[in-house]
Structure formats: C-alpha cells, structure tokens
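Text of the file model-v4.cif, holding mmCIF, C-alpha atoms:
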data_data
loop_
_atom_site.label_atom_id
_atom_site.label_comp_id
_atom_site.auth_asym_id
_atom_site.auth_seq_id
_atom_site.Cartn_x
_atom_site.Cartn_y
_atom_site.Cartn_z
CA GLU A 1 33.16 -21.80 -11.36
CA GLU A 2 30.20 -22.54 -13.63
CA ILE A 3 29.06 -19.67 -15.83
CA VAL A 4 25.28 -19.71 -16.30
CA THR A 5 24.36 -18.45 -19.77
CA GLU A 6 21.25 -18.28 -21.91
CA GLU A 7 22.35 -21.43 -23.74
CA ASN A 8 22.49 -23.73 -20.71
CA VAL A 9 19.17 -22.71 -19.21
CA THR A 10 16.11 -24.28 -20.83
CA GLU A 11 13.35 -22.23 -19.25
CA GLU A 12 11.50 -19.69 -21.40
CA ILE A 13 12.98 -16.24 -20.84
CA VAL A 14 12.75 -12.69 -22.08
CA THR A 15 15.93 -11.02 -23.25
CA GLY A 16 16.84 -7.36 -23.20
CA GLU A 17 18.64 -4.71 -21.24
CA THR A 18 17.35 -2.65 -18.35
CA VAL A 19 16.51 0.95 -19.10
CA THR A 20 18.16 3.20 -16.53
CA GLY A 21 18.41 6.90 -15.90
CA GLU A 22 20.70 8.89 -13.67
CA GLN A 23 18.57 12.01 -13.74
CA ARG A 24 14.83 12.16 -13.26
CA ARG A 25 12.43 15.02 -13.57
CA MET A 26 9.95 15.24 -10.72
CA GLN A 27 6.81 17.32 -11.01
CA PHE A 28 4.87 17.58 -7.76
CA SER A 29 1.12 18.27 -7.87
CA GLY A 30 0.01 21.73 -6.86
CA VAL A 31 3.43 23.30 -7.20
CA LEU A 32 5.54 24.42 -10.12
CA SER A 33 8.92 23.36 -8.78
CA VAL A 34 11.04 20.91 -10.74
CA CYS A 35 13.74 18.87 -9.05
CA ILE A 36 16.62 17.31 -10.92
CA LEU A 37 17.60 14.22 -8.96
CA VAL A 38 20.87 12.35 -9.29
CA ALA A 39 20.81 8.58 -8.97
CA ALA A 40 23.08 8.17 -5.98
CA ARG A 41 24.42 10.40 -3.25
CA LEU A 42 27.82 9.01 -2.36
CA SER A 43 28.85 10.81 0.81
CA TRP A 44 27.36 8.64 3.56
CA SER A 45 29.14 6.85 6.36
CA PHE A 46 28.37 3.19 5.62
CA VAL A 47 27.36 0.47 8.03
CA ASP A 48 26.96 -3.00 6.50
CA THR A 49 23.52 -4.38 7.31
CA GLU A 50 23.50 -7.44 5.00
CA VAL A 51 24.72 -10.96 5.67
CA CYS A 52 25.49 -12.29 2.23
CA SER A 53 28.31 -14.45 0.91
CA GLY A 54 29.57 -16.41 -2.05
CA ARG A 55 32.27 -19.10 -2.19
CA ASP A 56 32.88 -18.52 1.54
CA LYS A 57 33.70 -14.87 0.89
CA LYS A 58 31.67 -11.99 2.26
CA CYS A 59 29.76 -10.00 -0.32
CA GLU A 60 30.23 -6.25 -0.21
CA ILE A 61 26.58 -5.16 -0.21
CA PRO A 62 25.50 -2.51 -0.98
CA PHE A 63 27.83 -1.77 -3.86
CA LEU A 64 27.93 0.77 -6.65
CA PHE A 65 28.14 -0.72 -10.13
CA ASP A 66 26.75 0.03 -13.58
CA GLY A 67 25.39 3.37 -12.36
CA HIS A 68 23.27 1.87 -9.56
CA LEU A 69 23.63 1.29 -5.87
CA HIS A 70 22.82 -2.40 -5.44
CA PHE A 71 21.28 -3.90 -2.31
CA GLU A 72 21.25 -7.31 -3.97
CA CYS A 73 23.43 -9.40 -6.27
CA SER A 74 23.64 -8.39 -9.91
CA THR A 75 23.68 -10.16 -13.26
CA LYS A 76 25.56 -7.16 -14.69
CA SER A 77 28.88 -8.28 -13.24
CA PRO A 78 32.24 -8.16 -15.05
CA VAL A 79 31.90 -11.93 -15.65
CA PRO A 80 31.11 -12.09 -19.40
CA GLY A 81 28.05 -13.91 -20.73
CA ASP A 82 26.66 -14.69 -17.27
CA ILE A 83 23.00 -14.32 -16.21
CA ILE A 84 23.36 -15.41 -12.60
CA GLY A 85 23.46 -13.08 -9.62
CA ARG A 86 26.96 -12.21 -8.43
CA CYS A 87 28.44 -9.87 -5.86
CA PRO A 88 31.82 -8.18 -5.44
CA THR A 89 34.05 -9.32 -2.59
CA ARG A 90 36.25 -6.26 -2.98
CA LEU A 91 35.48 -2.57 -3.35
CA LEU A 92 37.57 0.04 -5.09
CA ASN A 93 36.37 2.71 -2.68
CA GLN A 94 34.80 2.08 0.73
CA GLN A 95 33.33 5.56 0.89
CA THR A 96 31.48 5.45 -2.43
CA ARG A 97 31.01 1.65 -2.36
CA GLN A 98 32.33 1.41 -5.93
CA ALA A 99 32.70 -2.29 -6.79
CA SER A 100 35.81 -3.86 -8.25
CA LEU A 101 35.82 -4.17 -12.03
CA GLN A 102 37.83 -7.41 -11.98
CA ALA A 103 35.86 -10.57 -12.74
CA SER A 104 38.00 -12.49 -10.24
CA ASP A 105 36.59 -10.30 -7.44
CA TRP A 106 33.01 -11.33 -8.17
CA VAL A 107 31.45 -14.55 -6.89
CA LYS A 108 28.18 -16.39 -7.34
CA CYS A 109 25.85 -15.42 -4.52
CA SER A 110 24.75 -18.08 -2.06
CA SER A 111 21.18 -18.67 -0.89
CA ASN A 112 21.55 -16.27 2.03
CA CYS A 113 21.69 -13.31 -0.38
CA PRO A 114 18.66 -11.27 -1.46
CA LEU A 115 16.70 -12.57 -4.47
CA THR A 116 18.50 -15.92 -4.66
CA SER A 117 15.45 -17.93 -3.54
CA TYR A 118 11.72 -17.54 -3.13
CA THR A 119 10.63 -16.43 0.32
CA SER A 120 8.10 -18.41 2.34
CA ASN A 121 4.99 -16.78 3.75
CA SER A 122 6.42 -16.74 7.26
CA GLU A 123 9.65 -15.21 5.96
CA ILE A 124 7.73 -12.38 4.29
CA VAL A 125 5.88 -11.63 7.54
CA SER A 126 9.08 -11.66 9.60
CA HIS A 127 10.97 -9.64 6.98
CA LEU A 128 8.42 -6.83 6.87
CA GLN A 129 8.11 -6.79 10.66
CA ALA A 130 11.90 -6.62 11.00
CA LEU A 131 12.07 -3.68 8.61
CA ALA A 132 9.37 -1.86 10.58
CA GLU A 133 11.34 -2.40 13.78
CA GLU A 134 14.63 -1.31 12.21
CA TYR A 135 13.16 1.84 10.62
CA PRO A 136 10.42 3.02 13.03
CA GLN A 137 10.39 6.57 11.58
CA LEU A 138 9.98 5.31 8.01
CA ALA A 139 8.12 1.99 8.10
CA GLN A 140 5.06 0.50 9.74
CA ALA A 141 3.72 -3.03 9.44
CA VAL A 142 0.19 -3.26 8.04
CA HIS A 143 -2.15 -6.13 8.88
CA VAL A 144 -4.38 -6.50 5.82
CA GLY A 145 -6.27 -9.61 6.90
CA LYS A 146 -6.24 -13.41 6.95
CA SER A 147 -6.41 -16.06 4.27
CA VAL A 148 -8.90 -18.96 4.27
CA LEU A 149 -6.35 -21.03 6.22
CA GLY A 150 -5.70 -18.19 8.64
CA GLN A 151 -2.34 -17.08 7.27
CA SER A 152 -1.56 -13.40 7.70
CA ILE A 153 -1.77 -11.07 4.72
CA VAL A 154 0.64 -8.30 5.63
CA GLY A 155 2.05 -5.16 4.12
CA LEU A 156 4.55 -2.46 4.90
CA ARG A 157 3.74 1.23 4.87
CA VAL A 158 6.77 3.34 3.97
CA THR A 159 6.96 7.12 4.28
CA ARG A 160 8.78 9.73 6.32
CA GLY A 161 6.98 10.34 9.61
CA VAL A 162 5.06 7.09 9.32
CA SER A 163 4.20 7.05 13.04
CA GLN A 164 2.47 10.42 12.76
CA GLU A 165 -0.76 11.41 11.03
CA ARG A 166 -0.28 11.49 7.28
CA ALA A 167 0.60 14.99 6.11
CA LEU A 168 -2.28 16.67 4.29
CA LEU A 169 -2.23 16.00 0.55
CA LYS A 170 0.61 13.46 0.73
CA PRO A 171 -0.63 10.94 -1.88
CA LYS A 172 -1.05 7.25 -1.12
CA VAL A 173 0.19 4.51 -3.45
CA ARG A 174 -0.44 0.78 -3.11
CA TYR A 175 1.61 -2.05 -4.66
CA SER A 176 0.30 -5.63 -4.24
CA GLY A 177 1.28 -9.00 -5.64
CA ASN A 178 0.79 -12.78 -5.73
CA MET A 179 -3.00 -12.64 -6.07
CA HIS A 180 -2.58 -15.88 -8.00
CA GLY A 181 -0.45 -18.09 -5.78
CA ASN A 182 1.58 -19.58 -8.63
CA GLU A 183 2.67 -16.14 -9.88
CA PRO A 184 5.34 -15.11 -7.35
CA VAL A 185 7.83 -12.97 -9.30
CA GLY A 186 6.00 -9.79 -8.32
CA ARG A 187 5.87 -11.08 -4.75
CA GLU A 188 9.68 -11.22 -4.65
CA MET A 189 10.08 -7.86 -6.38
CA LEU A 190 7.82 -6.16 -3.84
CA ASN A 191 9.34 -7.88 -0.82
CA HIS A 192 12.78 -6.66 -1.93
CA PHE A 193 11.50 -3.25 -3.01
CA ALA A 194 10.37 -2.54 0.55
CA GLU A 195 13.92 -3.14 1.73
CA VAL A 196 15.48 -1.05 -1.04
CA LEU A 197 13.25 1.94 -0.22
CA LEU A 198 14.37 1.83 3.39
CA ARG A 199 18.06 1.00 2.95
CA GLY A 200 18.29 3.49 0.11
CA TYR A 201 16.73 6.31 2.12
CA GLY A 202 19.33 8.98 2.75
CA ARG A 203 21.74 7.28 0.35
CA VAL A 204 19.95 7.53 -3.00
CA ASP A 205 18.40 10.95 -3.66
CA PHE A 206 15.56 9.71 -5.84
CA ILE A 207 14.46 7.16 -3.24
CA THR A 208 14.75 9.73 -0.45
CA GLU A 209 12.56 12.23 -2.33
CA LEU A 210 9.93 9.57 -3.06
CA VAL A 211 9.76 8.32 0.53
CA ASP A 212 9.60 11.90 1.84
CA SER A 213 6.76 12.91 -0.48
CA THR A 214 4.74 9.71 -0.93
CA ASP A 215 2.81 7.37 1.37
CA ILE A 216 3.63 3.89 0.01
CA THR A 217 2.07 0.57 1.03
CA ILE A 218 3.58 -2.67 -0.25
CA ILE A 219 1.72 -6.01 0.03
CA PRO A 220 3.87 -8.83 -1.40
CA THR A 221 1.23 -11.57 -1.27
CA ILE A 222 -2.57 -11.56 -1.28
CA ASN A 223 -2.86 -15.35 -1.68
CA PRO A 224 -0.44 -17.07 0.73
CA ASP A 225 -2.43 -20.34 0.73
CA GLY A 226 -2.18 -20.64 -3.05
CA PHE A 227 1.55 -19.94 -2.96
CA ASP A 228 2.05 -22.90 -0.62
CA ARG A 229 0.48 -25.19 -3.25
CA ALA A 230 2.46 -23.80 -6.19
CA THR A 231 5.54 -25.49 -7.63
CA ALA A 232 8.69 -23.65 -8.65
CA GLY A 233 9.58 -24.10 -12.31
CA LYS A 234 5.97 -24.54 -13.45
CA CYS A 235 5.32 -21.97 -16.16
CA SER A 236 1.56 -22.47 -16.39
CA GLY A 237 -1.41 -23.55 -14.31
CA GLU A 238 -4.96 -22.30 -13.90
CA ASP A 239 -6.46 -24.74 -11.37
CA PHE A 240 -6.51 -25.35 -7.64
CA LYS A 241 -3.56 -27.74 -7.61
CA SER A 242 -1.35 -25.25 -9.45
CA GLY A 243 -1.83 -22.70 -6.67
CA ARG A 244 -3.62 -20.10 -8.77
CA LEU A 245 -6.82 -20.30 -6.71
CA ASN A 246 -7.19 -19.60 -3.02
CA GLU A 247 -8.05 -22.34 -0.51
CA GLY A 248 -11.72 -21.64 -1.14
CA ARG A 249 -11.10 -22.74 -4.77
CA LYS A 250 -11.81 -19.23 -6.00
CA ASP A 251 -9.83 -17.03 -8.36
CA ILE A 252 -9.47 -13.94 -6.20
CA ASN A 253 -9.19 -11.77 -9.31
CA ARG A 254 -12.73 -12.83 -10.29
CA ASP A 255 -14.22 -12.21 -6.84
CA PHE A 256 -14.51 -8.41 -6.55
CA PRO A 257 -17.69 -6.35 -7.07
CA THR A 258 -18.24 -5.13 -10.64
CA TRP A 259 -20.02 -2.27 -12.38
CA ARG A 260 -23.24 -4.21 -11.85
CA ASP A 261 -22.82 -3.70 -8.09
CA VAL A 262 -22.14 0.04 -8.05
CA ASN A 263 -25.48 0.95 -6.46
CA ARG A 264 -25.49 -1.83 -3.86
CA SER A 265 -24.92 -1.16 -0.15
CA ARG A 266 -21.51 -1.78 1.34
CA ASP A 267 -22.81 -4.78 3.29
CA ASP A 268 -24.18 -6.27 0.08
CA LEU A 269 -20.83 -5.77 -1.66
CA TYR A 270 -19.16 -8.05 0.89
CA GLU A 271 -21.72 -10.83 0.66
CA ASP A 272 -20.23 -14.24 -0.31
CA ARG A 273 -16.73 -12.86 -0.91
CA GLN A 274 -13.56 -14.76 -0.03
CA PRO A 275 -11.58 -13.69 3.09
CA GLU A 276 -8.70 -12.42 0.95
CA THR A 277 -11.10 -10.40 -1.20
CA LYS A 278 -12.78 -8.88 1.85
CA ALA A 279 -9.41 -7.97 3.33
CA MET A 280 -8.35 -6.13 0.18
CA MET A 281 -11.77 -4.46 -0.14
CA ASP A 282 -11.42 -3.18 3.44
CA LEU A 283 -8.01 -1.73 2.62
CA ILE A 284 -9.07 -0.23 -0.72
CA LEU A 285 -12.24 1.38 0.62
CA SER A 286 -10.78 2.66 3.89
CA GLU A 287 -8.04 4.96 2.57
CA PRO A 288 -7.86 7.69 -0.11
CA TRP A 289 -5.58 5.80 -2.49
CA VAL A 290 -4.49 7.70 -5.57
CA LEU A 291 -2.46 5.14 -7.53
CA SER A 292 -1.98 1.39 -7.32
CA ALA A 293 -0.49 -1.55 -9.19
CA ASN A 294 -1.18 -5.27 -8.87
CA TYR A 295 1.53 -7.72 -9.96
CA HIS A 296 0.98 -10.96 -11.89
CA ASP A 297 2.98 -13.36 -14.08
CA GLY A 298 2.35 -15.35 -17.24
CA ALA A 299 3.02 -12.54 -19.74
CA VAL A 300 5.09 -9.34 -19.90
CA VAL A 301 2.69 -6.40 -20.20
CA ALA A 302 1.14 -3.44 -18.39
CA ALA A 303 -2.68 -3.55 -18.57
CA TYR A 304 -5.20 -0.85 -17.68
CA PRO A 305 -9.01 -0.66 -17.25
CA TYR A 306 -11.34 -1.89 -18.11
CA ASN A 307 -11.05 -5.67 -17.78
CA ASP A 308 -14.79 -6.30 -17.93
CA TYR A 309 -15.58 -4.53 -21.20
CA ARG A 310 -13.74 -2.76 -23.98
CA ASP A 311 -15.08 0.76 -23.59
CA ALA A 312 -12.36 3.26 -22.70
CA SER A 313 -12.56 4.68 -19.19
CA ARG A 314 -12.90 8.41 -18.60
CA ASP A 315 -9.24 8.45 -17.51
CA ASN A 316 -8.07 6.32 -20.41
CA GLN A 317 -5.23 8.62 -21.51
CA VAL A 318 -3.80 8.80 -18.01
CA PHE A 319 -4.10 5.02 -17.65
CA ARG A 320 -2.24 4.54 -20.92
CA HIS A 321 0.45 6.91 -19.70
CA LEU A 322 0.86 4.95 -16.45
CA ALA A 323 1.10 1.66 -18.34
CA ARG A 324 3.57 3.10 -20.83
CA THR A 325 5.66 4.55 -18.03
CA TYR A 326 6.12 1.14 -16.43
CA ALA A 327 6.68 -0.61 -19.75
CA GLY A 328 9.08 2.05 -21.00
CA TYR A 329 11.36 1.90 -17.98
CA HIS A 330 11.18 -1.90 -17.82
CA GLY A 331 14.06 -3.82 -19.32
CA THR A 332 12.00 -5.73 -21.90
CA MET A 333 8.28 -4.98 -21.58
CA ALA A 334 8.06 -2.30 -24.29
CA LYS A 335 10.26 -4.29 -26.66
CA GLN A 336 8.18 -7.49 -26.41
CA PRO A 337 10.86 -9.87 -27.66
CA GLY A 338 10.38 -13.07 -25.71
CA CYS A 339 6.98 -14.49 -24.77
CA THR A 340 5.76 -17.04 -27.30
CA ARG A 341 2.08 -16.87 -26.27
CA PHE A 342 1.45 -13.12 -26.25
CA TRP A 343 2.62 -10.00 -28.03
CA PHE A 344 1.58 -6.43 -27.16
CA GLU A 345 2.45 -3.31 -29.08
CA ASP A 346 4.60 -1.07 -26.83
CA GLY A 347 4.09 -3.54 -23.97
CA THR A 348 0.68 -2.22 -22.89
CA THR A 349 -2.94 -3.20 -23.40
CA ASN A 350 -6.48 -2.40 -22.36
CA GLY A 351 -7.40 -5.35 -20.15
CA ALA A 352 -10.49 -6.39 -22.08
CA ASP A 353 -8.68 -6.05 -25.40
CA TRP A 354 -6.41 -8.84 -24.17
CA TYR A 355 -9.20 -10.94 -22.64
CA SER A 356 -12.33 -10.01 -20.76
CA LEU A 357 -12.78 -10.91 -17.11
CA THR A 358 -15.40 -10.06 -14.50
CA GLY A 359 -14.68 -9.37 -10.84
CA GLY A 360 -11.12 -8.08 -11.13
CA MET A 361 -9.49 -5.87 -8.49
CA MET A 362 -8.28 -3.32 -11.06
CA ASP A 363 -11.80 -2.42 -12.19
CA PHE A 364 -13.06 -2.49 -8.60
CA SER A 365 -10.46 0.06 -7.50
CA TYR A 366 -11.41 2.45 -10.29
CA LEU A 367 -15.19 2.00 -10.11
CA PHE A 368 -15.59 2.18 -6.34
CA THR A 369 -12.82 4.65 -5.40
CA ASP A 370 -10.78 7.44 -6.97
CA CYS A 371 -7.72 5.19 -7.27
CA LEU A 372 -6.17 4.53 -10.68
CA GLU A 373 -4.90 0.93 -10.70
CA ILE A 374 -2.98 -0.92 -13.40
CA THR A 375 -2.08 -4.61 -13.69
CA LEU A 376 1.53 -5.61 -14.31
CA GLU A 377 2.53 -8.98 -15.74
CA LEU A 378 6.27 -9.50 -15.23
CA SER A 379 7.33 -12.92 -16.49
CA CYS A 380 6.42 -15.21 -19.40
CA CYS A 381 6.78 -18.14 -17.01
CA LYS A 382 4.45 -17.92 -14.05
CA TYR A 383 6.88 -19.45 -11.53
CA PRO A 384 10.38 -19.31 -13.06
CA SER A 385 13.59 -20.67 -11.59
CA THR A 386 15.33 -18.64 -8.92
CA TYR A 387 18.07 -18.06 -11.52
CA TYR A 388 15.95 -15.25 -12.90
CA LEU A 389 15.06 -13.29 -9.77
CA ASN A 390 18.12 -11.03 -9.84
CA ARG A 391 17.57 -10.28 -13.50
CA GLU A 392 13.86 -9.67 -13.00
CA TRP A 393 14.76 -7.16 -10.31
CA GLU A 394 17.11 -5.35 -12.69
CA ARG A 395 14.34 -5.17 -15.27
CA ASN A 396 11.75 -3.84 -12.82
CA ARG A 397 13.80 -1.65 -10.48
CA GLU A 398 13.48 1.58 -12.43
CA SER A 399 9.83 0.95 -13.33
CA LEU A 400 8.88 0.46 -9.68
CA LEU A 401 10.36 3.85 -8.83
CA GLN A 402 9.13 5.72 -11.89
CA LEU A 403 5.55 4.53 -11.41
CA LEU A 404 5.62 5.90 -7.86
CA LEU A 405 6.71 9.24 -9.28
CA GLN A 406 3.58 9.47 -11.44
CA VAL A 407 1.38 10.05 -8.40
CA HIS A 408 2.87 13.56 -8.23
CA ARG A 409 1.54 14.72 -11.59
CA GLY A 410 -1.66 16.67 -12.05
CA VAL A 411 -3.42 18.67 -9.36
CA LYS A 412 -4.34 18.22 -5.73
CA GLY A 413 -6.14 20.39 -3.23
CA LEU A 414 -8.50 20.86 -0.31
CA VAL A 415 -12.20 21.64 -0.23
CA LEU A 416 -13.09 23.90 2.72
CA ASP A 417 -16.20 25.61 3.93
CA GLN A 418 -16.37 29.32 4.76
CA SER A 419 -15.07 28.62 8.25
CA GLY A 420 -12.04 26.78 6.92
CA ARG A 421 -13.29 23.34 7.94
CA HIS A 422 -12.44 20.44 5.64
CA ILE A 423 -15.44 19.08 3.74
CA GLU A 424 -15.68 15.31 3.41
CA SER A 425 -17.28 13.61 0.37
CA ALA A 426 -17.46 16.78 -1.71
CA ALA A 427 -17.67 16.15 -5.47
CA VAL A 428 -14.77 17.56 -7.50
CA LEU A 429 -14.70 17.65 -11.29
CA VAL A 430 -11.82 18.88 -13.44
CA MET A 431 -12.85 20.74 -16.61
CA ASN A 432 -11.08 22.04 -19.68
CA THR A 433 -12.42 23.93 -22.69
CA GLU A 434 -13.81 20.70 -24.14
CA GLY A 435 -15.61 19.55 -21.00
CA PRO A 436 -14.97 17.21 -18.05
CA VAL A 437 -11.53 15.60 -17.73
CA GLY A 438 -11.72 12.14 -16.20
CA LYS A 439 -14.19 10.82 -13.66
CA MET A 440 -15.59 12.90 -10.84
CA MET A 441 -13.67 12.67 -7.56
CA THR A 442 -14.87 12.62 -3.97
CA THR A 443 -12.88 14.33 -1.22
CA SER A 444 -11.34 12.34 1.61
CA SER A 445 -12.40 12.58 5.26
CA ARG A 446 -9.95 15.51 5.48
CA GLY A 447 -11.29 17.32 2.41
CA GLU A 448 -8.44 16.24 0.11
CA PHE A 449 -8.55 15.42 -3.59
CA TRP A 450 -5.96 14.34 -6.13
CA LYS A 451 -6.33 14.20 -9.89
CA LEU A 452 -3.66 12.66 -12.10
CA LEU A 453 -3.50 14.61 -15.36
CA LEU A 454 -1.42 14.81 -18.51
CA PRO A 455 -0.04 18.13 -19.82
#
Written form, structure tokens:
Amino acid sequence: EEIVTEENVTEEIVTGETVTGEQRRMQFSGVLSVCILVAARLSWSFVDTEVCSGRDKKCEIPFLFDGHLHFECSTKSPVPGDIIGRCPTRLLNQQTRQASLQASDWVKCSSNCPLTSYTSNSEIVSHLQALAEEYPQLAQAVHVGKSVLGQSIVGLRVTRGVSQERALLKPKVRYSGNMHGNEPVGREMLNHFAEVLLRGYGRVDFITELVDSTDITIIPTINPDGFDRATAGKCSGEDFKSGRLNEGRKDINRDFPTWRDVNRSRDDLYEDRQPETKAMMDLILSEPWVLSANYHDGAVVAAYPYNDYRDASRDNQVFRHLARTYAGYHGTMAKQPGCTRFWFEDGTTNGADWYSLTGGMMDFSYLFTDCLEITLELSCCKYPSTYYLNREWERNRESLLQLLLQVHRGVKGLVLDQSGRHIESAAVLVMNTEGPVGKMMTTSSRGEFWKLLLP
C-alpha cells in the first residue's frame, strides 16, 4: 500500500506536532471550584455508530490511540513516515477501545470515513439534522437563514438540556466558518467538531463537562453559494470565480456595520446588506453571546480586534489571551514554521496590524454586542487537498476545546431589582484600583452578564 509522505505531496503545508494535554484546569466564572479533568473515561459500554472502512476491512471507530479517543482516522498511526488518515481494524481491548500498535492492523481510510473528503452543502445540512435527531437531549438544529441562491445556512446548538430554556448564566459560544467560500478547512473542522462533542459526551470527561456547562452553536458554512464555485486544490483566489465572494458578488466579511454605524437604528444597520450578512446579524444581535470564533484559511494565525484600525480595544489583553490560547494548543500556529507569505510572532496578531479591513464580522460582534470574537486562519492553502483534513483536525482538536473553556473565566452574575426581578439592559462595568476593566456590558433579557477577565 502506498505510503503518503511529505516528499511525495507537492502542496504547500505546515509541519509540526499537535500539542495535547491529558489534564486540564477548568475555572468556572462566579465560583472558586477547580476541576481536574482526565482526557478519556474508559468505562463505557460501546456501541459502534460509524460506518467506515479501509481496504474492505471495517475500521474500529472510535479508537484510543496516542492519548486521544478518535472519532475519525488518524495520521498518527504506527505506519512510519505517513501523513494520510488511517484507522485500526483490530483493537487490543474492546472495553477501552485501545487500538492495535501493529502497522499491519492499520489501513488507509476510504471516502466513507470522516474527514476524508469535503462535504457538500446538502451533506452538512443532513449531517447536522441527523445529529439533532440522534441526540435530542443534547443537540438542536438552528436555521440561521438563506443564501442569495436560497441555500440553507444551518447550525447546531449543543448543550445538555438543549430542549429546555437555557439555564441562567450558562454562557453562549458561537463557532462559524466558510465565510469565504473557497476557505473550507474550518468548515470541515466545525462539521466534525459537532459530531465529536456529541459522540464524546459521556465518554470523554472534558467534552462532557464542556457540553454540560456551555451553550455551544456551530455554523460550518456562512457562504454555501461561494463554496459551490470554489475548486479543491486552489490555494489562492480573491474574486467571484474563486468562490470567495457570495452570489451577490460581495465579500461577506466586508459587509457588516462598522464603528461609523454605532448610533444608527437597527433598521438602518440592515439596509443594503447581503442575505448572509443579515442572517448572521440576526443571530448575533438576538442572543447574549459571550465568546465566538470565525474560521478562515490562507494563513495560520489567530487574529483579534480591531480589523478596522490599529487602536487596541478596551479588552485587548483578554483578546490576546484568547488568541494565544488557540495558537498555543494548535499543532503549528504558535511555531509559525510553514507559510511562505506570512509570519506572525507567537501565531497571533491584531487584525489591523496584519491588514486593515472595514465591515468585518469580528469588529461588528465586539462593537454592537458584548461578545468577544476572534478570527482563526487555519491553513496556508485556502482549499487544500483532502489529504490534509485528518492532520488539520489533529492540529485543531485541542484548540477547539480549549477555546470553549475560556468562556468560563472571569465573572458572571445577575442584576435584580429590590423585588428580585431580573433587570434587562442594565449597564455593568467592572472596575479595579486603576479604573474600568474592559468595555461596559449590558445585561441580557434575563438580567445576566458575563465578563471574561484575566487574573
């Protein structure tokens, strides 16, 4: 069987090893408890839910290998010098799902395995709907809106008790991707991440704690029309034909209201916006989001506000921490070894220090809501070969989880009147001995506030 190595693949890549951790420290806002979480709980009764094969042999998925429970094929197989996704066909222990350590027991995964091909728009819709049906207590499909061509922009909300009213003070996090249609690596990471959160619930302690304590919404693609025009293997492209723009020939990440629009009415904010932009604005403005990330490709970096101008935001130190968290747990982002066009110290940058843009979603989220959003660029090549999807997942897996964890730092609380009724739209400002800390917050319709802080 062919061994795929760095030498016989010509596409530009980033090298490095994934940073992993078997113990994580969780600090939840408003409480002083600290939980030490172990990477995998290995005492479940397993039922195989995947249909995945290689060389006409059934893959044993999920499997435990290299300290992780895998719900996809892995490039970290016992086959030396290989970068392609493989799966074990034999386990050493059915109870723990420990994979065989013999190279002969590992096979190249076929196209019916996770992360071995790019998913179509219809497949993403059906996949998220299927997950919601399979896990009705944990997942709920979210209709975000429609594209110019009428394609559905969908998401999946994941949290314990999803069918009930959100528990007071449970923080909301939003992950979105594929705003530029020819940048689909993040799209695939998010589509798979939704499945990992659900299949890992009750099996991996860290995932279980995050799903129990966090209200997570995942939107794999914002620009389905552009994705349909994009071409796999094309590492660049800024025009309509490349798929970057939506069907209205607009760069969605230049279409959001800016600081110049802060005092305009809500109706005015929506004037002349693209359907995809309006759909995301509706979502962003309708819920009390605390943390969000938007995924792109074309570089490997974590960027933070502002994009429009170089002045530091009032929450600049927290933004830098969020960016450094993602970059630090990423397999290569902090090391910056591979992209020939860009280099960023520690894998992070202020958006405008890289290049200035007007009308971005990251600035909109921060200026018009209390949500702290960062932008994540995952791949030097905008639309790399499917060879790299398994490896990109291994590089981003820990970062995706660790960024979620950051929503539990700082303080949170309720603003009540003398009768104990929740006060909506109350102004909340955090102070220290030197003055205000970060921007002023506004309470939710239920009187809630969250403020991400550093020690």
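The list of residues with at least one atom within 9 Å of Ser53 in chain A, based on all atoms listed in the file and without residues fewer than 4 positions apart in the same chain, reads Lys57, Lys58, Cys59, Glu60, Cys87, Thr89, Val107, Lys108, Cys109, Ser110, Ser111, Asn112 and Cys113 of chain A.
With all atoms listed in the file as the atoms that count, the residue of A:Pro275, A:Pro384, A:Pro455, A:Gly328 with the shortest distance to Thr348 in chain A is A:Gly328.
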Residue members of the PyMOL selection byres ((chain A and resi 341) around 12) in the file shown, as a PDB file with C-alpha atoms, in the coordinates of the input:
ATOM      1  CA  GLU A  12      11.500 -19.690 -21.400  1.00  0.00           C
ATOM      2  CA  CYS A 235       5.320 -21.970 -16.160  1.00  0.00           C
ATOM      3  CA  SER A 236       1.560 -22.470 -16.390  1.00  0.00           C
ATOM      4  CA  GLY A 298       2.350 -15.350 -17.240  1.00  0.00           C
ATOM      5  CA  ALA A 299       3.020 -12.540 -19.740  1.00  0.00           C
ATOM      6  CA  VAL A 300       5.090  -9.340 -19.900  1.00  0.00           C
ATOM      7  CA  GLN A 336       8.180  -7.490 -26.410  1.00  0.00           C
ATOM      8  CA  PRO A 337      10.860  -9.870 -27.660  1.00  0.00           C
ATOM      9  CA  GLY A 338      10.380 -13.070 -25.710  1.00  0.00           C
ATOM     10  CA  CYS A 339       6.980 -14.490 -24.770  1.00  0.00           C
ATOM     11  CA  THR A 340       5.760 -17.040 -27.300  1.00  0.00           C
ATOM     12  CA  PHE A 342       1.450 -13.120 -26.250  1.00  0.00           C
ATOM     13  CA  TRP A 343       2.620 -10.000 -28.030  1.00  0.00           C
ATOM     14  CA  PHE A 344       1.580  -6.430 -27.160  1.00  0.00           C
ATOM     15  CA  TRP A 354      -6.410  -8.840 -24.170  1.00  0.00           C
ATOM     16  CA  SER A 379       7.330 -12.920 -16.490  1.00  0.00           C
ATOM     17  CA  CYS A 380       6.420 -15.210 -19.400  1.00  0.00           C
ATOM     18  CA  CYS A 381       6.780 -18.140 -17.010  1.00  0.00           C
TER      19      CYS A 381
END
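Here CA of Lys146 in chain A stands at a distance of 15.9 Å from CA of Ser120 in chain A.
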Next item on the list: For the structure shown, which residues end up in the PyMOL selection byres ((chain A and resi 391) around 8)? Put them as JSON, numbers by chain, please?
Entry: {"A": [74, 75, 83, 84, 85, 388, 389, 390, 392, 393, 394, 395]}
Notebook entry, point to check: How many Å separate CA of Thr119 in chain A from CA of Arg187 in chain A?
Noted result: 8.8 Å
Notebook entry, point to check: What is the CA of His127 in chain A-CA of Asn191 in chain A distance in Å, reported with one decimal?
Noted result: 8.2 Å
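On the file presented, the PyMOL selection byres ((chain A and resi 442) around 9) picks out Thr369, Asp370, Glu424, Ser425, Ala426, Ala427, Val428, Leu429, Met440, Met441, Thr443, Ser444, Gly447, Glu448 and Phe449 of chain A.
Nearest to Met281 in chain A of all the residues A:Gln151, A:Ser100, A:Ser365, A:Thr159 is A:Ser365, based on only C-alpha atoms.
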Next item on the list: Would you mind listing what lies within 10 Å of Gly161 in chain A as a PyMOL selection string, with all atoms listed in the file counted and same-chain residues fewer than 6 positions away left out?
Entry: chain A and resi 136-139+167+211-212+215
Create the file for the chosen residues now, containing C-alpha atoms and written as a CSV table (one decimal), keeping the file's coordinate frame.
chain,number,residue,atom,x,y,z
A,136,PRO,CA,10.4,3.0,13.0
A,137,GLN,CA,10.4,6.6,11.6
A,138,LEU,CA,10.0,5.3,8.0
A,139,ALA,CA,8.1,2.0,8.1
A,167,ALA,CA,0.6,15.0,6.1
A,211,VAL,CA,9.8,8.3,0.5
A,212,ASP,CA,9.6,11.9,1.8
A,215,ASP,CA,2.8,7.4,1.4
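Checking A:Asp105, A:Glu373, A:Asp308, A:Glu72 one by one against Pro88 in chain A, counting all atoms listed in the file, you find the shortest gap at A:Asp105.
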Check: With only C-alpha atoms as the atoms that count, which of A:Cys371, A:Leu169, A:Asp363, A:Ile207 lies nearest to Leu285 in chain A?
Finding: A:Cys371
Margin query: At a cut-off of 8 Å, using all atoms listed in the file, what residues contact Gln402 in chain A? Leave out same-chain residues fewer than 3 positions from it and give the result as a count of residues only.
Written below: 7
